[in-house]
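Source file: work34.cif (mmCIF, C-alpha atoms)
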data_model
loop_
_atom_site.label_atom_id
_atom_site.label_comp_id
_atom_site.auth_asym_id
_atom_site.auth_seq_id
_atom_site.Cartn_x
_atom_site.Cartn_y
_atom_site.Cartn_z
CA MET J 629 -22.41 5.64 46.12
CA VAL J 630 -19.15 3.83 45.36
CA ASN J 631 -19.47 0.43 43.69
CA ILE J 632 -16.55 -1.76 44.79
CA LEU J 633 -15.11 -4.86 43.17
CA LEU J 634 -13.43 -6.74 46.02
CA HIS J 635 -10.34 -8.63 44.87
CA GLY J 636 -9.33 -11.29 47.39
CA ALA J 637 -12.89 -11.41 48.67
CA CYS J 638 -12.58 -14.62 50.67
CA GLY J 639 -9.42 -13.88 52.61
CA ARG J 640 -9.28 -12.49 56.15
CA MET J 641 -9.36 -8.87 55.02
CA GLY J 642 -11.96 -9.60 52.38
CA HIS J 643 -14.39 -10.78 55.05
CA VAL J 644 -13.70 -7.72 57.22
CA ILE J 645 -14.26 -5.32 54.31
CA ALA J 646 -17.45 -7.10 53.28
CA GLU J 647 -18.81 -6.75 56.80
CA LEU J 648 -17.82 -3.09 57.03
CA ALA J 649 -19.28 -2.23 53.63
CA GLY J 650 -22.55 -3.81 54.65
CA SER J 651 -23.06 -1.09 57.25
CA ASP J 652 -21.76 1.84 55.17
CA PRO J 653 -24.50 3.58 53.15
CA ASP J 654 -21.93 5.21 50.85
CA VAL J 655 -20.41 2.02 49.43
CA THR J 656 -21.60 -1.29 48.08
CA ILE J 657 -19.67 -4.36 47.03
CA ILE J 658 -21.10 -5.37 43.69
CA ALA J 659 -18.89 -8.45 43.20
CA GLY J 660 -15.88 -10.26 44.56
CA VAL J 661 -13.02 -12.20 43.00
CA ASP J 662 -11.20 -15.05 44.70
CA ALA J 663 -9.52 -18.14 43.29
CA PHE J 664 -10.82 -20.06 46.29
CA GLY J 665 -14.22 -18.44 46.04
CA GLU J 666 -17.05 -19.02 48.44
CA ALA J 667 -20.58 -17.69 48.42
CA TYR J 668 -21.60 -14.39 49.96
CA SER J 669 -25.28 -13.69 50.43
CA THR J 670 -24.97 -10.07 49.28
CA PHE J 671 -22.77 -10.28 46.18
CA PRO J 672 -21.42 -12.86 43.71
CA VAL J 673 -17.85 -14.14 43.94
CA TYR J 674 -16.02 -15.12 40.75
CA ARG J 675 -12.96 -17.31 40.38
CA SER J 676 -11.21 -14.86 38.05
CA LEU J 677 -11.43 -11.26 36.90
CA ASP J 678 -12.37 -12.38 33.41
CA GLU J 679 -15.68 -13.71 34.75
CA VAL J 680 -16.81 -10.42 36.31
CA LYS J 681 -19.93 -8.99 34.67
CA GLU J 682 -20.65 -6.07 37.00
CA SER J 683 -19.43 -2.51 36.43
CA ALA J 684 -17.29 -1.20 39.30
CA ASP J 685 -16.20 2.31 40.25
CA VAL J 686 -13.16 1.10 42.19
CA ILE J 687 -11.31 -2.17 42.80
CA VAL J 688 -10.15 -2.85 46.36
CA ASP J 689 -7.44 -5.49 46.53
CA PHE J 690 -6.36 -7.56 49.51
CA SER J 691 -5.04 -10.67 47.79
CA ASN J 692 -1.42 -11.71 47.29
CA ALA J 693 1.58 -10.70 45.23
CA LYS J 694 1.11 -13.57 42.76
CA ALA J 695 -2.19 -12.06 41.63
CA ALA J 696 -0.88 -8.50 41.25
CA ASP J 697 0.24 -8.71 37.61
CA GLY J 698 -3.13 -9.84 36.32
CA LEU J 699 -4.94 -7.34 38.52
CA LEU J 700 -2.87 -4.40 37.27
CA ALA J 701 -3.45 -5.41 33.66
CA TYR J 702 -7.20 -5.69 34.29
CA ALA J 703 -7.40 -2.28 36.01
CA GLU J 704 -5.52 -0.67 33.15
CA GLU J 705 -7.61 -2.35 30.46
CA LYS J 706 -10.96 -1.56 32.10
CA LYS J 707 -9.82 1.88 33.35
CA ILE J 708 -11.04 1.12 36.87
CA PRO J 709 -9.24 2.91 39.73
CA LEU J 710 -7.42 0.48 42.01
CA VAL J 711 -6.79 0.50 45.76
CA LEU J 712 -3.83 -1.88 45.97
CA CYS J 713 -3.33 -3.15 49.53
CA THR J 714 -1.33 -6.30 48.80
CA THR J 715 2.21 -6.27 50.22
CA GLY J 716 5.33 -8.24 49.30
CA LEU J 717 5.47 -6.95 45.71
CA SER J 718 8.71 -7.44 43.77
CA GLU J 719 10.70 -4.54 42.38
CA GLU J 720 9.43 -5.43 38.91
CA GLN J 721 5.83 -5.38 40.15
CA ILE J 722 6.37 -2.00 41.83
CA ARG J 723 7.60 -0.66 38.49
CA LYS J 724 4.46 -2.08 36.89
CA VAL J 725 2.34 -0.28 39.50
CA LYS J 726 3.95 3.01 38.47
CA GLU J 727 3.42 2.27 34.79
CA THR J 728 -0.22 1.37 35.37
CA SER J 729 -0.78 4.58 37.34
CA GLU J 730 0.04 6.54 34.19
CA LYS J 731 -3.13 5.10 32.63
CA VAL J 732 -5.50 4.81 35.60
CA ALA J 733 -5.66 5.98 39.22
CA VAL J 734 -3.81 3.60 41.58
CA LEU J 735 -3.60 4.06 45.35
CA ARG J 736 -0.89 1.97 46.95
CA SER J 737 0.05 2.12 50.60
CA ALA J 738 2.11 -0.18 52.79
CA ASN J 739 -0.46 0.29 55.54
CA MET J 740 -4.05 1.48 55.26
CA SER J 741 -4.59 2.55 58.88
CA LEU J 742 -5.07 6.19 59.83
CA GLY J 743 -2.74 5.83 62.82
CA VAL J 744 0.22 4.51 60.82
CA ASN J 745 -0.13 7.23 58.22
CA VAL J 746 -0.16 9.90 60.93
CA LEU J 747 2.96 8.19 62.31
CA PHE J 748 4.63 8.66 58.90
CA LYS J 749 4.02 12.40 59.21
CA VAL J 750 5.33 12.55 62.77
CA LEU J 751 8.51 10.66 61.87
CA ALA J 752 9.22 12.96 58.94
CA GLU J 753 9.41 15.82 61.42
CA ALA J 754 11.12 14.06 64.31
CA ALA J 755 13.74 11.90 62.57
CA PRO J 756 16.03 14.70 61.29
CA THR J 757 16.32 16.32 64.72
CA LEU J 758 17.03 13.04 66.51
CA ALA J 759 19.43 11.74 63.86
CA LYS J 760 21.37 15.00 63.89
CA ALA J 761 21.73 14.59 67.68
CA GLY J 762 23.32 11.16 67.16
CA PHE J 763 20.34 8.89 67.82
CA ASP J 764 20.52 5.44 66.19
CA ILE J 765 17.39 4.22 64.38
CA GLU J 766 15.99 0.72 64.83
CA ILE J 767 12.63 -0.70 63.74
CA VAL J 768 10.93 -3.77 65.20
CA GLU J 769 7.79 -5.20 63.60
CA LYS J 770 5.64 -8.07 64.85
CA HIS J 771 2.97 -10.01 62.98
CA HIS J 772 1.00 -13.26 63.13
CA ASN J 773 2.59 -16.57 62.20
CA GLN J 774 0.70 -16.79 58.89
CA LYS J 775 2.30 -13.69 57.34
CA LEU J 776 4.42 -14.68 54.35
CA ASP J 777 6.70 -11.68 53.82
CA ALA J 778 9.31 -10.17 56.12
CA PRO J 779 10.00 -7.46 56.93
CA SER J 780 6.53 -5.97 56.63
CA GLY J 781 5.90 -3.37 53.99
CA THR J 782 5.01 -0.95 56.76
CA ALA J 783 8.40 -1.44 58.45
CA VAL J 784 10.23 -0.68 55.22
CA SER J 785 8.04 2.38 54.66
CA LEU J 786 8.82 3.61 58.18
CA ALA J 787 12.51 3.22 57.39
CA ASP J 788 12.04 5.03 54.08
CA VAL J 789 10.35 7.98 55.80
CA CYS J 790 13.21 8.30 58.29
CA ASN J 791 15.87 7.88 55.61
CA GLU J 792 14.36 10.43 53.25
CA ALA J 793 13.70 12.95 56.02
CA CYS J 794 17.35 12.68 57.08
CA GLY J 795 18.67 13.27 53.57
CA GLY J 796 19.21 9.65 52.56
CA GLY J 797 22.31 7.51 52.73
CA TYR J 798 21.14 5.03 55.37
CA GLU J 799 21.71 1.31 54.84
CA TYR J 800 18.94 -1.08 55.87
CA VAL J 801 20.16 -4.12 57.83
CA TYR J 802 17.94 -7.14 58.46
CA ASP J 803 20.45 -9.55 60.03
CA ARG J 804 23.65 -8.86 61.96
CA SER J 805 24.51 -12.45 62.81
CA GLY J 806 27.14 -12.74 60.09
CA ARG J 807 29.29 -9.80 61.11
CA ARG J 808 31.38 -8.72 64.07
CA GLU J 809 31.78 -4.95 64.15
CA LYS J 810 30.42 -1.83 65.81
CA ARG J 811 27.17 -0.44 64.54
CA PRO J 812 27.75 2.06 61.71
CA GLU J 813 26.19 5.48 62.16
CA LYS J 814 24.22 5.48 58.91
CA GLU J 815 22.28 2.28 59.46
CA ILE J 816 18.66 1.39 60.13
CA GLY J 817 18.14 -2.03 61.65
CA ILE J 818 14.84 -3.73 60.83
CA SER J 819 13.82 -6.78 62.89
CA SER J 820 10.84 -9.09 62.31
CA VAL J 821 8.90 -11.19 64.80
CA ARG J 822 6.36 -13.79 63.68
CA GLY J 823 4.06 -15.52 66.14
CA GLY J 824 0.54 -16.24 67.27
CA THR J 825 -2.22 -13.96 66.09
CA ILE J 826 -0.47 -10.58 66.34
CA VAL J 827 -2.35 -8.28 63.96
CA GLY J 828 0.50 -5.81 63.55
CA ASP J 829 2.91 -4.02 65.90
CA HIS J 830 5.53 -1.48 64.81
CA ASP J 831 8.12 0.29 66.97
CA VAL J 832 10.50 2.92 65.64
CA ILE J 833 13.29 3.28 68.19
CA PHE J 834 15.63 6.26 68.39
CA ALA J 835 18.43 5.28 70.77
CA GLY J 836 20.66 8.11 71.94
CA GLN J 837 23.14 8.76 74.71
CA ASP J 838 21.34 7.95 77.98
CA GLU J 839 17.86 8.25 76.46
CA VAL J 840 15.56 6.40 74.08
CA VAL J 841 12.58 7.75 72.16
CA THR J 842 10.14 5.18 70.76
CA PHE J 843 7.24 5.76 68.39
CA SER J 844 4.80 2.84 68.46
CA HIS J 845 1.70 1.69 66.67
CA ARG J 846 -0.42 -1.28 67.72
CA ALA J 847 -3.16 -2.79 65.57
CA TYR J 848 -5.74 -4.66 67.63
CA SER J 849 -8.13 -5.44 64.81
CA ARG J 850 -8.03 -5.77 61.04
CA ALA J 851 -10.97 -3.38 60.98
CA ILE J 852 -8.54 -0.43 60.98
CA PHE J 853 -7.13 -1.57 57.64
CA ALA J 854 -10.61 -2.18 56.23
CA ASN J 855 -11.74 1.31 57.27
CA GLY J 856 -8.71 2.78 55.55
CA ALA J 857 -9.31 0.79 52.37
CA VAL J 858 -12.95 1.86 52.17
CA SER J 859 -11.97 5.50 52.77
CA ALA J 860 -9.39 5.14 50.00
CA ALA J 861 -12.03 3.73 47.63
CA LYS J 862 -14.29 6.72 48.29
CA PHE J 863 -11.36 9.06 47.66
CA LEU J 864 -10.26 7.33 44.45
CA LYS J 865 -13.60 7.22 42.64
CA GLY J 866 -13.42 9.51 39.63
CA ARG J 867 -9.79 10.51 40.22
CA PRO J 868 -7.55 11.05 37.19
CA ALA J 869 -4.68 8.68 36.45
CA GLY J 870 -1.85 8.93 38.92
CA LEU J 871 -0.15 7.20 41.82
CA TYR J 872 -1.78 8.02 45.16
CA ASP J 873 -1.24 6.90 48.76
CA MET J 874 -2.99 7.25 52.11
CA GLN J 875 -1.31 10.60 52.73
CA ASP J 876 -3.53 11.94 49.92
CA VAL J 877 -6.60 10.48 51.64
CA ILE J 878 -5.94 11.91 55.08
CA GLY J 879 -4.80 15.29 53.68
#

Can you dump the structure from the file as structure tokens?
Amino acid sequence: MVNILLHGACGRMGHVIAELAGSDPDVTIIAGVDAFGEAYSTFPVYRSLDEVKESADVIVDFSNAKAADGLLAYAEEKKIPLVLCTTGLSEEQIRKVKETSEKVAVLRSANMSLGVNVLFKVLAEAAPTLAKAGFDIEIVEKHHNQKLDAPSGTAVSLADVCNEACGGGYEYVYDRSGRREKRPEKEIGISSVRGGTIVGDHDVIFAGQDEVVTFSHRAYSRAIFANGAVSAAKFLKGRPAGLYDMQDVIG
């Protein structure tokens, strides 16, 4: 049994994880934390981490970047492994994640879904061959109109996978409106769409001479992210300090 402390318990993802955990015999949510807390019938929700009385095996976080600093400090102090799902972290916060992982197990992934993490593997194999053949790389991501950060963390991670697999040196471009020139060879364009209730769409486009290869992932429900987070919590329980990601979970 994995006892989970759910950080960001009252947000969209918090509700999905709470529902999923209720039907999983291997996990239980012992408490939640949310600044805008509301009551759950199955576990208490506290306004802050300092109020938590229960003993957790793993923290699962789907909150926001503003809460990350306090959460990392708490995980380090209490030595509780942390599944960090919040996106939009600053460079300073990312450095803090790495520092914290030297003291306690931290699993951070731009996307918790199985499909996206398999896509990372596929791109690592395909990108070098296509890039060598002269294919340009473009990424288009689409999300709902309530998403605060752009581009998505997943889009940047997709670009990182392609860049690293191709030996590095690619420049990421988010806006071409201010320039008038041909597209450089070593460039990855990343475009963001925000509208409606789109859960999450990502297309990685390899555009070559007279042919285009596109790798796509479509999320139709937030349940895929919740499933990934719960699987990550099971994986992380009892792990030694270190920085993990979903590639470790899926093997």

Asp838 of chain J surroundings by all atoms listed in the file, 12 Å radius, close-in-sequence under 4 positions cut, as a PyMOL selection string: chain J and resi 762-763+834

Explicit residue set for the PyMOL selection byres ((chain J and resi 787) around 10), as a list in words: Phe748, Leu751, Ile765, Glu766, Ile767, Gly781, Thr782, Ala783, Val784, Ser785, Leu786, Asp788, Val789, Cys790, Asn791, Glu792, Ala793, Tyr798, Glu799, Tyr800, Ile816, Gly817, Ile818 and Val832 of chain J

Nearby residues, (26.8, 6.1, 62.6) file frame, 9 Å, only C-alpha atoms, as a list of chain:residue names: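 Residues close enough to count: J:Gly762, J:Phe763, J:Asp764, J:Arg811, J:Pro812, J:Glu813, J:Lys814, J:Glu815.
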
Give one line per residue of segment 660-685 of chain J that approaches segment 636-656 of chain J to at most 6 Å, naming the two atoms of the closest pair and their distance in Å to one decimal, counting all atoms listed in the file; sort by chain then ascending residue number and deliver it as CSV.
residue,atom,partner,partner_atom,distance
J:Gly660,CA,J:Ala637,CA,5.2
J:Val661,CA,J:Ala637,CA,5.7
J:Asp662,CA,J:Gly636,CA,5.0

Residues near segment 709-724 of chain J, cut-off 8 Å, all atoms listed in the file, skip fewer than 2 positions along chain, as a VMD selection string: chain J and resid 685 to 693 696 to 697 700 703 707 726 to 728 732 to 740 777 780 to 781 857 860 to 861 864 to 867

Could those residues be written to a file, using C-alpha atoms, as an mmCIF file, in the frame of the given file?
data_model
loop_
_atom_site.group_PDB
_atom_site.id
_atom_site.type_symbol
_atom_site.label_atom_id
_atom_site.label_comp_id
_atom_site.auth_asym_id
_atom_site.auth_seq_id
_atom_site.Cartn_x
_atom_site.Cartn_y
_atom_site.Cartn_z
ATOM 1 C CA ASP J 685 -16.200 2.310 40.250
ATOM 2 C CA VAL J 686 -13.160 1.100 42.190
ATOM 3 C CA ILE J 687 -11.310 -2.170 42.800
ATOM 4 C CA VAL J 688 -10.150 -2.850 46.360
ATOM 5 C CA ASP J 689 -7.440 -5.490 46.530
ATOM 6 C CA PHE J 690 -6.360 -7.560 49.510
ATOM 7 C CA SER J 691 -5.040 -10.670 47.790
ATOM 8 C CA ASN J 692 -1.420 -11.710 47.290
ATOM 9 C CA ALA J 693 1.580 -10.700 45.230
ATOM 10 C CA ALA J 696 -0.880 -8.500 41.250
ATOM 11 C CA ASP J 697 0.240 -8.710 37.610
ATOM 12 C CA LEU J 700 -2.870 -4.400 37.270
ATOM 13 C CA ALA J 703 -7.400 -2.280 36.010
ATOM 14 C CA LYS J 707 -9.820 1.880 33.350
ATOM 15 C CA LYS J 726 3.950 3.010 38.470
ATOM 16 C CA GLU J 727 3.420 2.270 34.790
ATOM 17 C CA THR J 728 -0.220 1.370 35.370
ATOM 18 C CA VAL J 732 -5.500 4.810 35.600
ATOM 19 C CA ALA J 733 -5.660 5.980 39.220
ATOM 20 C CA VAL J 734 -3.810 3.600 41.580
ATOM 21 C CA LEU J 735 -3.600 4.060 45.350
ATOM 22 C CA ARG J 736 -0.890 1.970 46.950
ATOM 23 C CA SER J 737 0.050 2.120 50.600
ATOM 24 C CA ALA J 738 2.110 -0.180 52.790
ATOM 25 C CA ASN J 739 -0.460 0.290 55.540
ATOM 26 C CA MET J 740 -4.050 1.480 55.260
ATOM 27 C CA ASP J 777 6.700 -11.680 53.820
ATOM 28 C CA SER J 780 6.530 -5.970 56.630
ATOM 29 C CA GLY J 781 5.900 -3.370 53.990
ATOM 30 C CA ALA J 857 -9.310 0.790 52.370
ATOM 31 C CA ALA J 860 -9.390 5.140 50.000
ATOM 32 C CA ALA J 861 -12.030 3.730 47.630
ATOM 33 C CA LEU J 864 -10.260 7.330 44.450
ATOM 34 C CA LYS J 865 -13.600 7.220 42.640
ATOM 35 C CA GLY J 866 -13.420 9.510 39.630
ATOM 36 C CA ARG J 867 -9.790 10.510 40.220
#

Interatomic distance (Å, one decimal) between atom CA of Val725 of chain J and atom CA of Gly797 of chain J: 25.2 Å

Matched chain/residue IDs from the PyMOL selection byres ((chain J and resi 852) around 10), as a PyMOL selection string: chain J and resi 644+739-743+847-851+853-857

Saved selection, atoms kept: C-alpha atoms, as a PDB file, keeping the file's coordinate frame:
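To be explicit, this is the file written out as part.pdb:
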ATOM      1  CA  VAL J 644     -13.700  -7.720  57.220  1.00  0.00           C
ATOM      2  CA  ASN J 739      -0.460   0.290  55.540  1.00  0.00           C
ATOM      3  CA  MET J 740      -4.050   1.480  55.260  1.00  0.00           C
ATOM      4  CA  SER J 741      -4.590   2.550  58.880  1.00  0.00           C
ATOM      5  CA  LEU J 742      -5.070   6.190  59.830  1.00  0.00           C
ATOM      6  CA  GLY J 743      -2.740   5.830  62.820  1.00  0.00           C
ATOM      7  CA  ALA J 847      -3.160  -2.790  65.570  1.00  0.00           C
ATOM      8  CA  TYR J 848      -5.740  -4.660  67.630  1.00  0.00           C
ATOM      9  CA  SER J 849      -8.130  -5.440  64.810  1.00  0.00           C
ATOM     10  CA  ARG J 850      -8.030  -5.770  61.040  1.00  0.00           C
ATOM     11  CA  ALA J 851     -10.970  -3.380  60.980  1.00  0.00           C
ATOM     12  CA  PHE J 853      -7.130  -1.570  57.640  1.00  0.00           C
ATOM     13  CA  ALA J 854     -10.610  -2.180  56.230  1.00  0.00           C
ATOM     14  CA  ASN J 855     -11.740   1.310  57.270  1.00  0.00           C
ATOM     15  CA  GLY J 856      -8.710   2.780  55.550  1.00  0.00           C
ATOM     16  CA  ALA J 857      -9.310   0.790  52.370  1.00  0.00           C
TER      17      ALA J 857
END

Matched chain/residue IDs from the PyMOL selection byres ((chain J and resi 668-681) around 8), as a list in words: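 With the PyMOL selection byres ((chain J and resi 668-681) around 8) on this model, the match is Ala637, Ile657, Ile658, Ala659, Gly660, Val661, Asp662, Ala663, Phe664, Gly665, Glu666, Ala667, Glu682, Ser683, Leu699 and Tyr702 of chain J.
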